[in-house]
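Chemist: Encoded as structure tokens, here's the structure I'll be asking about.
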Amino acid sequence: MARKDWGLLLLLIVVGIITAILNPRFLSAVNLLDMANLIGLFGIFSIGEGLVVITGGIDLSVGSMFSLLGVVFIDLLVNRGMPWPLAILAIVAGGIVLGALQGLLVTRAKLQPFVVTLCGLLIYRGAARYYTTDATMGFGYTDDFDWLGWLASGRSWGIPHPFILLVLVAVVMGVLLHRSVFGRYLFAIGRNEEAARFSGIRTGAIVTGAYVISGGLAGLATICLVFYTDSVSPSSFGNFYELYAIAAAVLGGCSLRGGEGSIIGIVLGTALLQVLQNLVNILGIPSSLNFAVMGTVILIGVLADQPVVRRAIPSLRSLRAASTPKPTRVAP
Amino acid sequence: MSSPPLLSLLGISKSYAGVRALEEVSLSVEAGTVLGLIGENGAGKSTLMKILGGVVQPDAGSIVVGGVAHDTMTVAEAARAGIAFVHQELTVLDNLDVAANIFLGREAVAGGPLRLVRTKRMHDRARPLLQRLGADFGPETSVSRLLIAQRQLVEIARALSVDARVIIMDEPTSSLTLQETDRLLQVIAELRASGVAVIYISHRLHEVKQCADRVVCLRDGRVAGELGHDEIEHHAMIRLMIGRELRSLYTPPRTPPGGELCVVDRLVTSAFPGRHVSLGVRRGEILGLAGLVGSGRTSLARALFGVDPVLGGEVRLAGERVEVRSPRQAIAQGIYLVPEDRKREGLVLDMPLSENISLASLRRHARFALVDRDAEQATARAQQASLRIKTPSVAVHAATLSGGNQQKVVLAKWLSMAPRLIIFDEPTRGIDVGAKGEIYALMRALADDGVAIVMISSDMEEVIGVSDRVAVMHEGEISGVLDRADFSELNVLRLAIGQPAEHLESA
């Protein structure tokens, strides 16, 4: 784990301890497992977002993708009677296709990632609402999908399945980002795309790959999210979730300039965001302050990581330096 | 000619990190005269101009403008003193109209908190300036619709609008047609007649001859000599530009170079779409590629490496035609580039040495698409040892190394693969003397292993001292190829400024 990741873990533990002291209910099994469930749901697509951010891009479309893929998913299962394994495949494939389209627009048409994915955000949301004539879609009173529901949002040995899925995704993506040729190329492109191209790397294909993965993971997350809420209301489902993902990535050490970040950092960033939400609920802070608390903590976290500020806080620096001896950027 | 100088430089010296760029340079220019400033690449002309513009502060000496001496000058002071620039790269903004460019930063505004721009008044003020320059466009024209020569007039109008008393023109004709050049020379004559002093920097000696009243030549950061109006002629100017003893750096090849490995046949690059380049590089030789800055050397290198598109002609490698549409394809053919701007194009500065060295050959250091770190480290250490890269470990970031060691890392990236043709673009720029020698030795060792080497260089000592043959480029074309017997600074320089080859003297 890199120095940043240790710092984040420390912050997570400190926030956890403070919350636990103020309200011991924080550490109850029910609360912890609820949080784990949410960390799983949000972590899966935040990792995809992180990969895009590492290339120096951004993906604003994931929240709307959930809505579009979500209504299609329910439609396929409920109205068209598609077997569930096929439906899952179709949704993940749908995410991959949308991601690939966005990636090609960024790399081939040389459009700015912000613009491409902003248009995606608007188009997918609009398509979802049109598709359902703005009506909420659900599974009705049938119990045909109970088994699938258990798979996507149930628990085994008490552990929520989304969390287990996140661990699997994080391991696979951790190996991909930190051990594979593809991951190395992502970092090289994020730090210096020109030098990467001059080294013979097909930068366009690699960057497109990051958008494809982001889309695919968004598809996977859609399935869990649909069963978490049990219905999809196309105008609100997944609203702002792209911002949670970007926040988790930034909090987790990804720089929006590209070339920095780690999977473990993104997961810890997601966890910290959920703990903060939980803190707001459990301490009886008005829930209207939810976003304000998150924004403040992200701001402090990012600020504390600025070289200017780091130099100004020698005590913090020695604390961070002491926590890890080796400044590699690589996860365990 | 007895009028006091409008601008004088007295004993200006400037060093960059221990390297002397200017030493005790003194020159002066009177009102209503044109001073030609000549010198080779790196002679110190641009440093001198930066000092005049207030961009760079001199270490010693003073600048006297209109009788007032300055030890240092800021950009604002230079502008206030009436010094204005017309740059080689135009600095007009093409999203604005002509008048807005002329008065940029000094817009005519209405009073009040909003300070609204009074467009009409600016147009009215710009019109006489443009008329004075004989411009065929009005102040309301959008700059995006103007030709380069017209944009240059906008820059000159901007200089006139601040009542500039000294206008410095840095290679103003480098992208102008012959007609446009004539027009500019007329404008300069008119400026001179109206009492403006002009410093005219150019490699085009016939233009200098045409417009200058006096010529000052810089060489290695010193004033090499001055020529009065009657003495200005090609031969005298060239003699001033060269004329130093060159140290011999030459190590002959172990065996005579073999046959031609790479043949460039009528290659058209995007920088000079109307010209073409033909060139052959032999196995085992170092071919120096000389020429003035902007003569098309880097464009040729970028085209060969697949960075810039090839618009026509072909490249043959060992007799076979090769297509290089991307660096990836060039690398697959064994054509490698050590780029001029190593920090931007050669290295990922925030990455460890080992990862930089393996970046181009990562797939060979991987099993099942996973990086084999042990193999990667082993390669990096082997390259570190054989190139003698000075670093505590291969895990440090490339940004922490000195220029020479960074250059070795760029080279290590390619040497861990199988090179056939390596193009070095300014391989020793910003590198200290000791490391330079090591880079030369590495190039020679590669050539002796049968690699064909093209070395682009603006350093005359390097071109003459290291190459087995020298090809010289002039405005997008090869103006001549010299064998070692014909090597001399004079010959290279003549070819570089486009003098026909029959003028060549045997050295």
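FYI, nothing fancy with the structure tokens labels: chains A, B, ... in order, residues from 1 per chain, ligands from 1 as they appear.
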Can you pull out every residue within 9 Å of region 149-158 of chain A, counting only C-alpha atoms, but drop anything in the same chain fewer than 4 positions away, and send it as a list of chain:residue names?
Modeler: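 Result of the neighbour search: A:Leu33, A:Asn37, A:Phe145, A:Pro162, A:Ile223, A:Cys224, A:Leu225, A:Val226, A:Phe227, A:Tyr228, A:Asp230.
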Chemist: Mind dumping the selected residues with N, CA and C atoms as a PDB file, in the first residue's frame?
Modeler:
```pdb
ATOM      1  N   LEU A  33     -22.857  -4.169   8.774  1.00  0.00           N
ATOM      2  CA  LEU A  33     -23.181  -4.945   7.579  1.00  0.00           C
ATOM      3  C   LEU A  33     -23.968  -4.111   6.581  1.00  0.00           C
ATOM      4  N   ASN A  37     -22.704  -3.390   2.773  1.00  0.00           N
ATOM      5  CA  ASN A  37     -23.551  -3.531   1.579  1.00  0.00           C
ATOM      6  C   ASN A  37     -23.428  -2.308   0.669  1.00  0.00           C
ATOM      7  N   PHE A 145     -38.269 -13.974  -9.099  1.00  0.00           N
ATOM      8  CA  PHE A 145     -36.891 -13.494  -9.119  1.00  0.00           C
ATOM      9  C   PHE A 145     -36.265 -13.494  -7.738  1.00  0.00           C
ATOM     10  N   PRO A 162     -23.118  -7.835  -2.424  1.00  0.00           N
ATOM     11  CA  PRO A 162     -22.403  -6.766  -3.137  1.00  0.00           C
ATOM     12  C   PRO A 162     -20.995  -6.550  -2.594  1.00  0.00           C
ATOM     13  N   ILE A 223     -27.093  -4.319 -11.744  1.00  0.00           N
ATOM     14  CA  ILE A 223     -27.859  -5.486 -11.313  1.00  0.00           C
ATOM     15  C   ILE A 223     -28.034  -5.485  -9.795  1.00  0.00           C
ATOM     16  N   CYS A 224     -26.927  -5.182  -9.075  1.00  0.00           N
ATOM     17  CA  CYS A 224     -27.027  -5.129  -7.618  1.00  0.00           C
ATOM     18  C   CYS A 224     -27.920  -3.977  -7.165  1.00  0.00           C
ATOM     19  N   LEU A 225     -27.762  -2.831  -7.824  1.00  0.00           N
ATOM     20  CA  LEU A 225     -28.538  -1.653  -7.410  1.00  0.00           C
ATOM     21  C   LEU A 225     -30.028  -1.871  -7.624  1.00  0.00           C
ATOM     22  N   VAL A 226     -30.399  -2.527  -8.745  1.00  0.00           N
ATOM     23  CA  VAL A 226     -31.807  -2.773  -9.044  1.00  0.00           C
ATOM     24  C   VAL A 226     -32.433  -3.613  -7.928  1.00  0.00           C
ATOM     25  N   PHE A 227     -31.707  -4.626  -7.475  1.00  0.00           N
ATOM     26  CA  PHE A 227     -32.279  -5.462  -6.425  1.00  0.00           C
ATOM     27  C   PHE A 227     -32.172  -4.814  -5.059  1.00  0.00           C
ATOM     28  N   TYR A 228     -31.287  -3.837  -4.910  1.00  0.00           N
ATOM     29  CA  TYR A 228     -31.203  -3.105  -3.647  1.00  0.00           C
ATOM     30  C   TYR A 228     -32.442  -2.254  -3.468  1.00  0.00           C
ATOM     31  N   ASP A 230     -35.190  -2.637  -5.542  1.00  0.00           N
ATOM     32  CA  ASP A 230     -36.302  -3.467  -5.990  1.00  0.00           C
ATOM     33  C   ASP A 230     -37.153  -2.829  -7.078  1.00  0.00           C
TER      34      ASP A 230
END
```
Chemist: For the interface of chain B with chain A (cut-off 6 Å, counting only C-alpha atoms), please tabulate each contacting residue of chain B alongside its nearest pair of atoms and their separation in Å to one decimal, rows sorted by chain and increasing number, as a Markdown table.
Modeler:
```
| residue | atom | partner | partner_atom | distance |
| --- | --- | --- | --- | --- |
| B:Pro327 | CA | A:Gly200 | CA | 5.1 |
| B:Arg328 | CA | A:Gly200 | CA | 3.9 |
| B:Glu345 | CA | A:Ala195 | CA | 4.1 |
| B:Gly346 | CA | A:Ala195 | CA | 5.2 |
| B:Leu347 | CA | A:Ala195 | CA | 5.7 |
| B:Val348 | CA | A:Asn192 | CA | 5.6 |
| B:Ala360 | CA | A:Ser199 | CA | 4.8 |
| B:Ala369 | CA | A:Ser180 | CA | 5.6 |
| B:Leu370 | CA | A:Ser180 | CA | 4.0 |
| B:Val371 | CA | A:Ser180 | CA | 5.3 |
```
Chemist: Could you name the residues that touch region 42-56 of chain B at 9 Å or less, counting only C-alpha atoms, but leaving out those on the same chain fewer than 6 positions away, as number ranges by chain?
Modeler: B: 9, 12, 14, 21-22, 25, 63, 72-79, 83-85, 168, 170, 201, 217-222, 241, 458-459
Chemist: Would you export the selected residues with C-alpha atoms as a CSV table (one decimal), in the first residue's frame, please?
Modeler:
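result.csv was written with the following content:
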```csv
chain,number,residue,atom,x,y,z
B,9,LEU,CA,24.2,47.4,-24.5
B,12,ILE,CA,26.2,42.2,-21.0
B,14,LYS,CA,24.7,35.9,-18.8
B,21,ALA,CA,25.5,32.2,-23.0
B,22,LEU,CA,26.8,35.8,-23.3
B,25,VAL,CA,28.5,41.8,-25.3
B,63,ILE,CA,21.3,48.6,-21.0
B,72,THR,CA,18.2,45.0,-15.2
B,73,MET,CA,15.0,45.5,-17.0
B,74,THR,CA,11.5,44.1,-16.5
B,75,VAL,CA,9.1,43.4,-19.2
B,76,ALA,CA,7.1,46.5,-18.3
B,77,GLU,CA,10.3,48.7,-18.3
B,78,ALA,CA,11.3,47.4,-21.7
B,79,ALA,CA,7.9,48.3,-23.1
B,83,ILE,CA,11.4,48.4,-27.1
B,84,ALA,CA,9.0,46.2,-29.1
B,85,PHE,CA,9.3,42.8,-30.6
B,168,ILE,CA,13.4,44.0,-32.8
B,170,ASP,CA,13.6,37.9,-34.9
B,201,ILE,CA,17.9,39.1,-36.7
B,217,CYS,CA,27.9,39.1,-35.5
B,218,LEU,CA,27.7,37.0,-32.3
B,219,ARG,CA,29.7,33.8,-31.9
B,220,ASP,CA,29.8,31.7,-28.8
B,221,GLY,CA,28.3,34.4,-26.8
B,222,ARG,CA,30.7,37.2,-27.8
B,241,MET,CA,30.1,33.6,-38.0
B,458,SER,CA,22.7,22.3,-34.1
B,459,ASP,CA,26.0,22.1,-32.3
```
Chemist: Using only C-alpha atoms, which residues sit within 6 Å of Ala212 (chain B) once same-chain residues fewer than 3 positions away are excluded, as a ChimeraX atom specification?
Modeler: /B:34-36,208-209
Chemist: Put those residues in a file: N, CA and C atoms, as a PDB file, in the first residue's frame.
Modeler:
```pdb
ATOM      1  N   VAL B  34      19.173  50.547 -39.232  1.00  0.00           N
ATOM      2  CA  VAL B  34      18.829  49.140 -39.084  1.00  0.00           C
ATOM      3  C   VAL B  34      20.113  48.385 -38.762  1.00  0.00           C
ATOM      4  N   LEU B  35      20.084  47.657 -37.632  1.00  0.00           N
ATOM      5  CA  LEU B  35      21.232  46.859 -37.234  1.00  0.00           C
ATOM      6  C   LEU B  35      20.938  45.400 -37.559  1.00  0.00           C
ATOM      7  N   GLY B  36      21.767  44.789 -38.374  1.00  0.00           N
ATOM      8  CA  GLY B  36      21.619  43.360 -38.639  1.00  0.00           C
ATOM      9  C   GLY B  36      22.346  42.577 -37.570  1.00  0.00           C
ATOM     10  N   VAL B 208      19.733  40.582 -44.915  1.00  0.00           N
ATOM     11  CA  VAL B 208      20.504  41.445 -44.022  1.00  0.00           C
ATOM     12  C   VAL B 208      21.263  42.459 -44.866  1.00  0.00           C
ATOM     13  N   LYS B 209      21.856  41.960 -45.929  1.00  0.00           N
ATOM     14  CA  LYS B 209      22.628  42.829 -46.817  1.00  0.00           C
ATOM     15  C   LYS B 209      21.750  43.936 -47.388  1.00  0.00           C
TER      16      LYS B 209
END
```
Chemist: Which residues are close to Thr222 (chain A), i.e. within 12 Å by only C-alpha atoms, leaving aside same-chain residues fewer than 3 positions away? Reply as a PyMOL selection string.
Modeler: chain A and resi 41-42+44-45+62-74+87-95+152-153+162+215-219+225-232+237-238+241
Chemist: Kindly give the distance, in Å, that separates CA of Asp163 (chain B) and CA of Val196 (chain B), rounded to a single decimal.
Modeler: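 Separating CA of Asp163 (chain B) from CA of Val196 (chain B) is a distance of 9.2 Å.
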